[in-house]
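Peer 1: Compact mmCIF, C-alpha atoms and all ligand atoms, file final-v5.txt:
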```
# COMPACT_ATOMS: atom_id res chain seq x y z
CA MET A 17 63.97 156.85 173.01
CA ARG A 18 61.04 158.97 174.17
CA ARG A 19 60.28 161.98 172.09
CA HIS A 20 58.50 164.95 173.48
CA ALA A 21 54.90 165.37 172.39
CA SER A 22 55.47 168.98 171.36
CA GLU A 23 57.53 167.70 168.43
CA ALA A 24 54.46 165.94 167.13
CA ARG A 25 52.39 168.97 166.38
CA PRO A 26 53.12 172.67 166.44
CA MET A 27 51.05 174.95 168.62
CA THR A 28 48.54 176.85 166.55
CA GLU A 29 49.02 180.46 167.61
CA SER A 30 50.24 181.24 164.09
CA THR A 31 46.70 180.64 162.84
CA HIS A 32 45.93 184.22 163.83
CA LYS A 33 48.06 185.43 160.93
CA SER A 34 45.77 183.49 158.62
CA GLY A 35 42.68 185.36 159.73
CA ALA A 36 41.49 182.89 162.34
CA PRO A 37 39.44 184.41 165.14
CA TRP A 38 40.97 184.46 168.62
CA ARG A 39 39.79 181.34 170.34
CA ASN A 40 41.19 180.79 173.77
CA PHE A 41 41.89 177.16 174.50
CA TYR A 42 42.53 176.42 178.16
CA GLY A 43 43.03 172.65 178.09
CA ARG A 44 46.21 170.62 177.70
CA LEU A 45 47.76 170.16 174.25
CA LYS A 46 50.44 167.72 175.35
CA GLY A 47 51.34 165.65 178.37
CA LYS A 48 54.16 163.20 178.99
CA GLY A 49 56.59 162.28 176.25
CA LEU A 50 55.22 159.96 173.63
CA ARG A 51 56.43 156.40 173.28
CA ASP A 52 58.16 155.67 169.96
CA SER A 53 55.18 153.56 168.92
CA GLN A 54 52.81 156.46 169.58
CA GLN A 55 55.02 158.86 167.63
CA ALA A 56 54.94 156.34 164.76
CA TYR A 57 51.11 156.27 164.83
CA LEU A 58 51.06 160.07 164.56
CA ASP A 59 53.67 160.16 161.77
CA GLU A 60 52.24 157.29 159.77
CA ASP A 61 48.47 157.34 160.29
CA LEU A 62 47.19 160.78 161.17
CA LYS A 63 47.35 162.37 157.75
CA ALA A 64 45.36 159.60 156.10
CA LEU A 65 42.64 159.99 158.73
CA SER A 66 42.18 163.71 158.16
CA PRO A 67 38.58 164.78 157.49
CA GLY A 68 39.94 167.41 155.06
CA ALA A 69 41.21 170.94 155.45
CA VAL A 70 40.14 172.14 158.90
CA ASP A 71 42.95 174.38 160.11
CA TRP A 72 42.89 178.02 159.13
CA GLU A 73 46.34 177.92 157.47
CA GLU A 74 45.17 175.18 155.14
CA ASN A 75 41.69 176.53 154.59
CA PRO A 76 41.54 180.28 155.15
CA ASP A 77 38.31 180.61 153.13
CA ARG A 78 36.64 177.99 155.35
CA THR A 79 35.49 175.88 152.40
CA PRO A 80 33.14 173.19 153.75
CA LEU A 81 34.46 169.65 154.05
CA ASP A 82 33.37 167.10 151.46
CA LEU A 83 31.77 164.49 153.70
CA LYS A 84 30.59 162.42 150.73
CA ALA A 85 34.20 162.02 149.62
CA LEU A 86 35.06 161.01 153.17
CA PHE A 87 32.30 158.54 154.02
CA GLY A 88 30.09 158.16 150.92
CA ASP A 89 26.42 158.07 151.89
CA LYS A 90 27.02 156.90 155.45
CA PRO A 91 25.48 158.90 158.30
CA VAL A 92 28.17 161.02 159.94
CA TRP A 93 28.67 161.13 163.71
CA LEU A 94 30.87 163.45 165.73
CA GLU A 95 32.69 162.94 169.04
CA THR A 96 34.12 166.03 170.70
CA GLY A 97 37.06 165.54 173.08
CA PHE A 98 37.50 161.79 172.63
CA GLY A 99 40.31 161.58 175.22
CA GLY A 100 41.98 158.18 174.76
CA GLY A 101 39.48 157.23 172.04
CA GLU A 102 37.94 154.11 173.62
CA HIS A 103 34.35 155.21 173.07
CA MET A 104 34.97 156.45 169.55
CA VAL A 105 36.61 153.21 168.41
CA HIS A 106 33.89 151.19 170.13
CA GLN A 107 31.20 153.08 168.21
CA ALA A 108 33.09 152.81 164.91
CA ALA A 109 33.55 149.06 165.35
CA THR A 110 29.95 148.50 166.49
CA TYR A 111 28.47 150.50 163.61
CA PRO A 112 30.54 149.95 160.45
CA ASP A 113 27.80 151.61 158.39
CA ILE A 114 28.36 155.05 159.87
CA GLY A 115 31.37 157.36 159.62
CA ILE A 116 32.60 159.03 162.79
CA ILE A 117 34.72 162.16 163.08
CA GLY A 118 36.55 162.67 166.35
CA CYS A 119 38.31 165.74 167.53
CA GLU A 120 40.76 166.14 170.36
CA PRO A 121 43.50 168.76 170.81
CA TYR A 122 45.45 166.68 173.38
CA ILE A 123 48.04 165.00 171.19
CA ASN A 124 48.78 162.16 173.64
CA GLY A 125 45.07 161.25 173.44
CA VAL A 126 45.21 161.36 169.64
CA ALA A 127 48.18 158.97 169.72
CA MET A 128 46.21 156.61 172.00
CA LEU A 129 43.24 156.69 169.63
CA LEU A 130 45.46 155.88 166.64
CA GLY A 131 46.83 152.82 168.43
CA LYS A 132 43.26 151.63 169.08
CA ILE A 133 42.23 152.25 165.46
CA ARG A 134 45.15 150.10 164.27
CA LYS A 135 44.18 147.32 166.64
CA ALA A 136 40.47 147.41 165.77
CA GLY A 137 41.15 147.85 162.06
CA CYS A 138 38.19 150.21 161.59
CA GLU A 139 38.09 152.28 158.44
CA ASN A 140 35.06 154.46 159.16
CA VAL A 141 36.86 157.09 161.25
CA ALA A 142 38.33 160.53 160.68
CA VAL A 143 40.36 162.54 163.17
CA HIS A 144 40.81 166.25 163.67
CA PRO A 145 43.69 166.69 166.14
CA GLY A 146 42.51 170.09 167.33
CA ASP A 147 39.75 172.31 168.60
CA VAL A 148 36.17 171.43 167.72
CA ARG A 149 35.38 175.09 167.00
CA ASP A 150 37.67 174.95 163.96
CA LEU A 151 35.77 171.89 162.79
CA PHE A 152 32.39 173.60 163.28
CA ASP A 153 33.50 176.32 160.81
CA VAL A 154 33.94 173.81 158.00
CA LEU A 155 31.30 171.16 158.63
CA PRO A 156 28.45 171.63 156.16
CA PRO A 157 25.22 172.87 157.78
CA GLU A 158 22.93 170.07 159.00
CA SER A 159 25.45 167.35 158.15
CA ILE A 160 25.88 165.48 161.45
CA ASP A 161 23.48 162.70 162.45
CA LYS A 162 24.63 162.03 166.01
CA ALA A 163 27.03 163.68 168.44
CA PHE A 164 28.80 162.75 171.66
CA LEU A 165 30.16 165.00 174.38
CA LEU A 166 31.56 162.65 177.00
CA TYR A 167 32.95 164.01 180.20
CA PRO A 168 33.77 167.47 178.87
CA ASP A 169 36.29 169.48 180.88
CA PRO A 170 34.36 170.41 184.04
CA TRP A 171 35.79 173.87 184.79
CA PRO A 172 34.46 173.76 188.35
CA LYS A 173 35.18 177.36 189.37
CA LYS A 174 32.25 179.68 188.78
CA ARG A 175 34.35 182.25 186.93
CA HIS A 176 35.41 179.47 184.50
CA HIS A 177 31.91 178.21 183.66
CA ARG A 178 31.94 180.25 180.47
CA ARG A 179 34.79 178.04 179.20
CA ARG A 180 32.47 175.03 179.17
CA PHE A 181 31.20 173.47 175.95
CA VAL A 182 27.62 174.08 177.07
CA THR A 183 27.78 177.81 176.32
CA PRO A 184 26.51 179.70 173.26
CA GLU A 185 30.05 180.01 171.85
CA TYR A 186 30.01 176.25 171.22
CA LEU A 187 26.32 175.43 171.13
CA GLU A 188 25.34 177.88 168.39
CA PRO A 189 27.74 176.59 165.71
CA PHE A 190 27.19 173.04 166.98
CA HIS A 191 23.43 173.33 166.47
CA LYS A 192 23.99 174.56 162.90
CA VAL A 193 26.01 171.52 161.86
CA LEU A 194 23.61 168.95 163.33
CA LYS A 195 20.73 167.61 161.29
CA PRO A 196 17.24 168.32 162.63
CA GLY A 197 16.35 165.29 164.76
CA ALA A 198 20.00 164.40 165.44
CA GLU A 199 20.73 162.80 168.80
CA PHE A 200 23.15 164.55 171.14
CA ARG A 201 24.55 162.57 174.07
CA VAL A 202 26.23 164.19 177.05
CA ALA A 203 27.90 162.32 179.93
CA THR A 204 29.22 164.13 182.97
CA ASP A 205 29.97 163.42 186.62
CA ILE A 206 29.71 167.05 187.73
CA PRO A 207 26.29 168.06 189.14
CA ASP A 208 26.80 171.71 188.24
CA TYR A 209 27.66 170.69 184.68
CA VAL A 210 24.32 168.86 184.57
CA ARG A 211 22.61 172.03 185.74
CA GLN A 212 24.26 174.17 183.07
CA THR A 213 23.64 171.56 180.38
CA LEU A 214 19.93 171.33 181.19
CA GLU A 215 19.70 175.12 181.11
CA GLU A 216 21.80 175.93 178.07
CA VAL A 217 21.29 173.05 175.64
CA PRO A 218 17.48 173.44 175.37
CA ARG A 219 18.01 177.20 175.00
CA ALA A 220 20.25 176.47 172.00
CA GLY A 221 17.53 174.52 170.16
CA PHE A 222 17.50 171.00 171.62
CA GLU A 223 14.93 169.03 173.59
CA TRP A 224 15.96 166.81 176.49
CA LEU A 225 14.67 163.28 176.12
CA GLY A 226 14.82 162.48 179.84
CA GLU A 227 11.19 161.62 180.38
CA ARG A 228 11.58 159.97 183.76
CA ALA A 229 13.36 161.75 186.58
CA ASP A 230 15.96 158.99 186.97
CA ASP A 231 16.66 158.45 183.26
CA TRP A 232 19.98 160.16 183.63
CA ARG A 233 21.30 157.24 185.71
CA THR A 234 21.10 154.68 182.90
CA PRO A 235 23.87 154.55 180.32
CA TRP A 236 22.99 154.07 176.67
CA SER A 237 22.67 150.41 175.58
CA ASP A 238 25.79 150.72 173.38
CA TRP A 239 27.83 152.54 176.00
CA ILE A 240 31.42 151.73 176.85
CA SER A 241 32.93 153.36 179.89
CA THR A 242 35.66 155.90 179.18
CA ARG A 243 38.94 156.52 180.99
CA TYR A 244 37.57 159.67 182.54
CA GLU A 245 34.42 157.88 183.73
CA GLN A 246 36.54 155.18 185.37
CA LYS A 247 38.46 157.88 187.24
CA ALA A 248 35.21 159.56 188.30
CA LEU A 249 33.84 156.25 189.61
CA ARG A 250 37.07 155.51 191.51
CA GLU A 251 36.78 158.92 193.12
CA GLY A 252 33.14 158.32 194.13
CA ARG A 253 31.36 160.58 191.65
CA THR A 254 28.13 159.64 189.86
CA PRO A 255 27.85 159.51 186.07
CA HIS A 256 24.93 161.36 184.50
CA TYR A 257 23.80 160.44 180.99
CA LEU A 258 21.73 163.06 179.18
CA THR A 259 20.17 162.63 175.75
CA PHE A 260 18.92 165.50 173.63
CA ARG A 261 17.36 165.81 170.21
CA ARG A 262 18.26 168.68 167.93
CA ILE A 263 15.11 170.54 167.00
C1 LIG B 301 37.80 165.34 180.83
S1 LIG B 301 38.42 164.87 179.25
C2 LIG B 301 37.38 163.49 178.82
C3 LIG B 301 37.96 162.65 177.71
C4 LIG B 301 37.09 161.46 177.25
N1 LIG B 301 35.89 161.90 176.58
C5 LIG B 301 36.76 160.54 178.39
O1 LIG B 301 35.57 160.48 178.78
O2 LIG B 301 37.69 159.86 178.91
C6 LIG B 301 37.82 166.17 178.19
C7 LIG B 301 38.51 166.20 176.84
O3 LIG B 301 37.94 167.24 176.03
C8 LIG B 301 38.98 167.80 175.25
N2 LIG B 301 38.61 169.15 174.82
C9 LIG B 301 38.59 170.27 175.57
N3 LIG B 301 38.26 171.33 174.83
C10 LIG B 301 38.07 170.88 173.56
C11 LIG B 301 37.75 171.53 172.33
N4 LIG B 301 37.55 172.84 172.27
N5 LIG B 301 37.65 170.76 171.22
C12 LIG B 301 37.84 169.42 171.30
N6 LIG B 301 38.16 168.76 172.43
C13 LIG B 301 38.28 169.49 173.55
C14 LIG B 301 40.17 167.80 176.20
O4 LIG B 301 41.41 167.91 175.52
C15 LIG B 301 40.00 166.50 176.95
O5 LIG B 301 40.72 165.44 176.39
```
Represent the supplied structure as structure tokens.
Peer 2:
Amino acid sequence: MRRHASEARPMTESTHKSGAPWRNFYGRLKGKGLRDSQQAYLDEDLKALSPGAVDWEENPDRTPLDLKALFGDKPVWLETGFGGGEHMVHQAATYPDIGIIGCEPYINGVAMLLGKIRKAGCENVAVHPGDVRDLFDVLPPESIDKAFLLYPDPWPKKRHHRRRFVTPEYLEPFHKVLKPGAEFRVATDIPDYVRQTLEEVPRAGFEWLGERADDWRTPWSDWISTRYEQKALREGRTPHYLTFRRI
């Protein structure tokens, strides 16, 4: 039997009753029905992987998360919009001495990630199945050591550019939760997204580490290609890899 993904997680409009600010989310929350195995991952694993109280209903006072309780003294990394989770699990498995928090509102992607976590057996991961802006509210200031934004939603139409992650609405709270010196990696296949990233991210308090003009062509040494990157390559688009340091 295939259950519909909407059964897995309620929509969060009710958060507004709890005092949450209006935050328009334009992406997909659910796709095709989930396989029974994926529904089982969500039912059985998701709660234990919670980073703590992130949603407004659970945490209306926005008490900061206890990252020490979560990962001890390990450096904490953050991946926004992990999609199917291949990169996040790869990083967690490669670096067992860090803790990584991933967030993704698309519940089918969350289910895919949970399957990969089971297979890899990694224990240094936490998952927020929702919007990164809710996570920014409750991450302690200067708590994140490294962050990944891999193939963020491109929003190609000019009137939609303000929905992109690389806008002050996201970058200001993001900057606050990163440690000074933290690395921030961005991958995108959209030239205009590169333009906006190179304009907006330095303005938000980061320096671009692309010293040579063609640096953006070379993936990081510990890179693993994501589902979205594979699609971009099949469709003839060029990946760009941008590395910043939080000032
Ligand atoms: C184009 S997909 C790329 C997924 C994955 N990183 C990859 O490379 O295959 C962008 C992802 O960002 C997620 N996303 C969009 N807005 C987000 C937000 N506000 N917080 C967290 N994730 C978000 C989307 O749900 C989507 O899965």
Peer 1: Residues up to 6 Å from ligand LIG 301 (chain B), counting all atoms listed in the file: could you list those as number ranges by chain?
Peer 2: A: 43-44, 96-99, 119-122, 147-148, 166-169, 242-245
Peer 1: Determine the nearest neighbour of Asn124 (chain A) from the options A:Phe152, A:Trp224, A:Tyr57, A:Phe190, counting only C-alpha atoms.
Peer 2: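 Answer, going by the shortest atom-to-atom distance: A:Tyr57.
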Peer 1: Leu130 (chain A): which residues within 9 Å, counting all atoms listed in the file, same-chain residues fewer than 4 positions away excluded, as a VMD selection string?
Peer 2: chain A and resid 54 57 to 58 61 to 62 101 125 to 126 134 to 135
Peer 1: Using only C-alpha atoms, which of A:Glu185, A:Ile160, A:Gly146, A:Gln212 sits nearest Pro172 (chain A)?
Peer 2: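 Between A:Glu185, A:Ile160, A:Gly146, A:Gln212, the residue approaching Pro172 (chain A) most closely is A:Gln212.
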Peer 1: Build an axis-aligned box that encloses every atom of region 88-103 of chain A listed in the file, pad it by 6 Å on each side, and report its centre and edge lengths in Å to one decimal, as AutoDock Vina command-line options.
Peer 2:
```
--center_x 33.7 --center_y 160.1 --center_z 163.1 --size_x 28.5 --size_y 23.9 --size_z 36.3
```
Peer 1: In Å to one decimal, how far is CA of Asp113 (chain A) from CA of Pro157 (chain A)?
Peer 2: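 Computed distance, CA of Pro157 (chain A) to CA of Asp113 (chain A), equals 21.4 Å.
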Peer 1: Measuring atom to atom with only C-alpha atoms, identify which of A:Tyr209, A:Ser237, A:Asp230, A:Asp52 is nearest to Trp171 (chain A).
Peer 2: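 Result for the nearest residue to Trp171 (chain A): A:Tyr209.
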Peer 1: One decimal, in Å: what's the spacing between CA of Ala163 (chain A) and CA of Asp77 (chain A)?
Peer 2: 25.5 Å
Peer 1: Report the distance between CA of Asp150 (chain A) and CA of Phe181 (chain A) in Å, rounded to one decimal place.
Peer 2: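 Distance between the two atoms: 13.7 Å.
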Peer 1: Nearest to Phe260 (chain A): which of A:His177, A:Lys48, A:Lys162, A:Lys192 is it, counting all atoms listed in the file?
Peer 2: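 Of A:His177, A:Lys48, A:Lys162, A:Lys192, the one nearest Phe260 (chain A) is A:Lys162, counting all atoms listed in the file.
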Peer 1: Check the smallest atom-to-atom distance from each of A:Asp205, A:Glu95, A:Asp161, A:Glu188 to Thr254 (chain A) using all atoms listed in the file, then report the winner.
Peer 2: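 Nearest to Thr254 (chain A): A:Asp205.
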Peer 1: For Val143 (chain A), which residue out of A:Lys63, A:His103, A:Arg228, A:Arg262 is the nearest one, using all atoms listed in the file?
Peer 2: A:Lys63
Peer 1: For Glu216 (chain A), list every protein, DNA or RNA residue within 10 Å, evaluated using only C-alpha atoms, and leave out those in the same chain fewer than 4 positions away; present the list as a VMD selection string.
Peer 2: chain A and resid 181 to 184 187 210 to 212 220 to 222
Peer 1: Ala109 (chain A): which residues within 10 Å, counting all atoms listed in the file, same-chain residues fewer than 2 positions away excluded, as a list in words?
Peer 2: His103, Met104, Val105, His106, Gln107, Tyr111, Pro112, Asp113, Ile114, Ile133, Ala136, Gly137, Cys138, Glu139, Asn140 and Val141 of chain A
Peer 1: Save out the residues we just selected, C-alpha atoms, as a short mmCIF file (atom, residue, chain, number, x, y, z; two decimals), in the frame of the given file.
Peer 2:
```cif
data_model
loop_
_atom_site.label_atom_id
_atom_site.label_comp_id
_atom_site.auth_asym_id
_atom_site.auth_seq_id
_atom_site.Cartn_x
_atom_site.Cartn_y
_atom_site.Cartn_z
CA HIS A 103 34.35 155.21 173.07
CA MET A 104 34.97 156.45 169.55
CA VAL A 105 36.61 153.21 168.41
CA HIS A 106 33.89 151.19 170.13
CA GLN A 107 31.20 153.08 168.21
CA TYR A 111 28.47 150.50 163.61
CA PRO A 112 30.54 149.95 160.45
CA ASP A 113 27.80 151.61 158.39
CA ILE A 114 28.36 155.05 159.87
CA ILE A 133 42.23 152.25 165.46
CA ALA A 136 40.47 147.41 165.77
CA GLY A 137 41.15 147.85 162.06
CA CYS A 138 38.19 150.21 161.59
CA GLU A 139 38.09 152.28 158.44
CA ASN A 140 35.06 154.46 159.16
CA VAL A 141 36.86 157.09 161.25
#
```
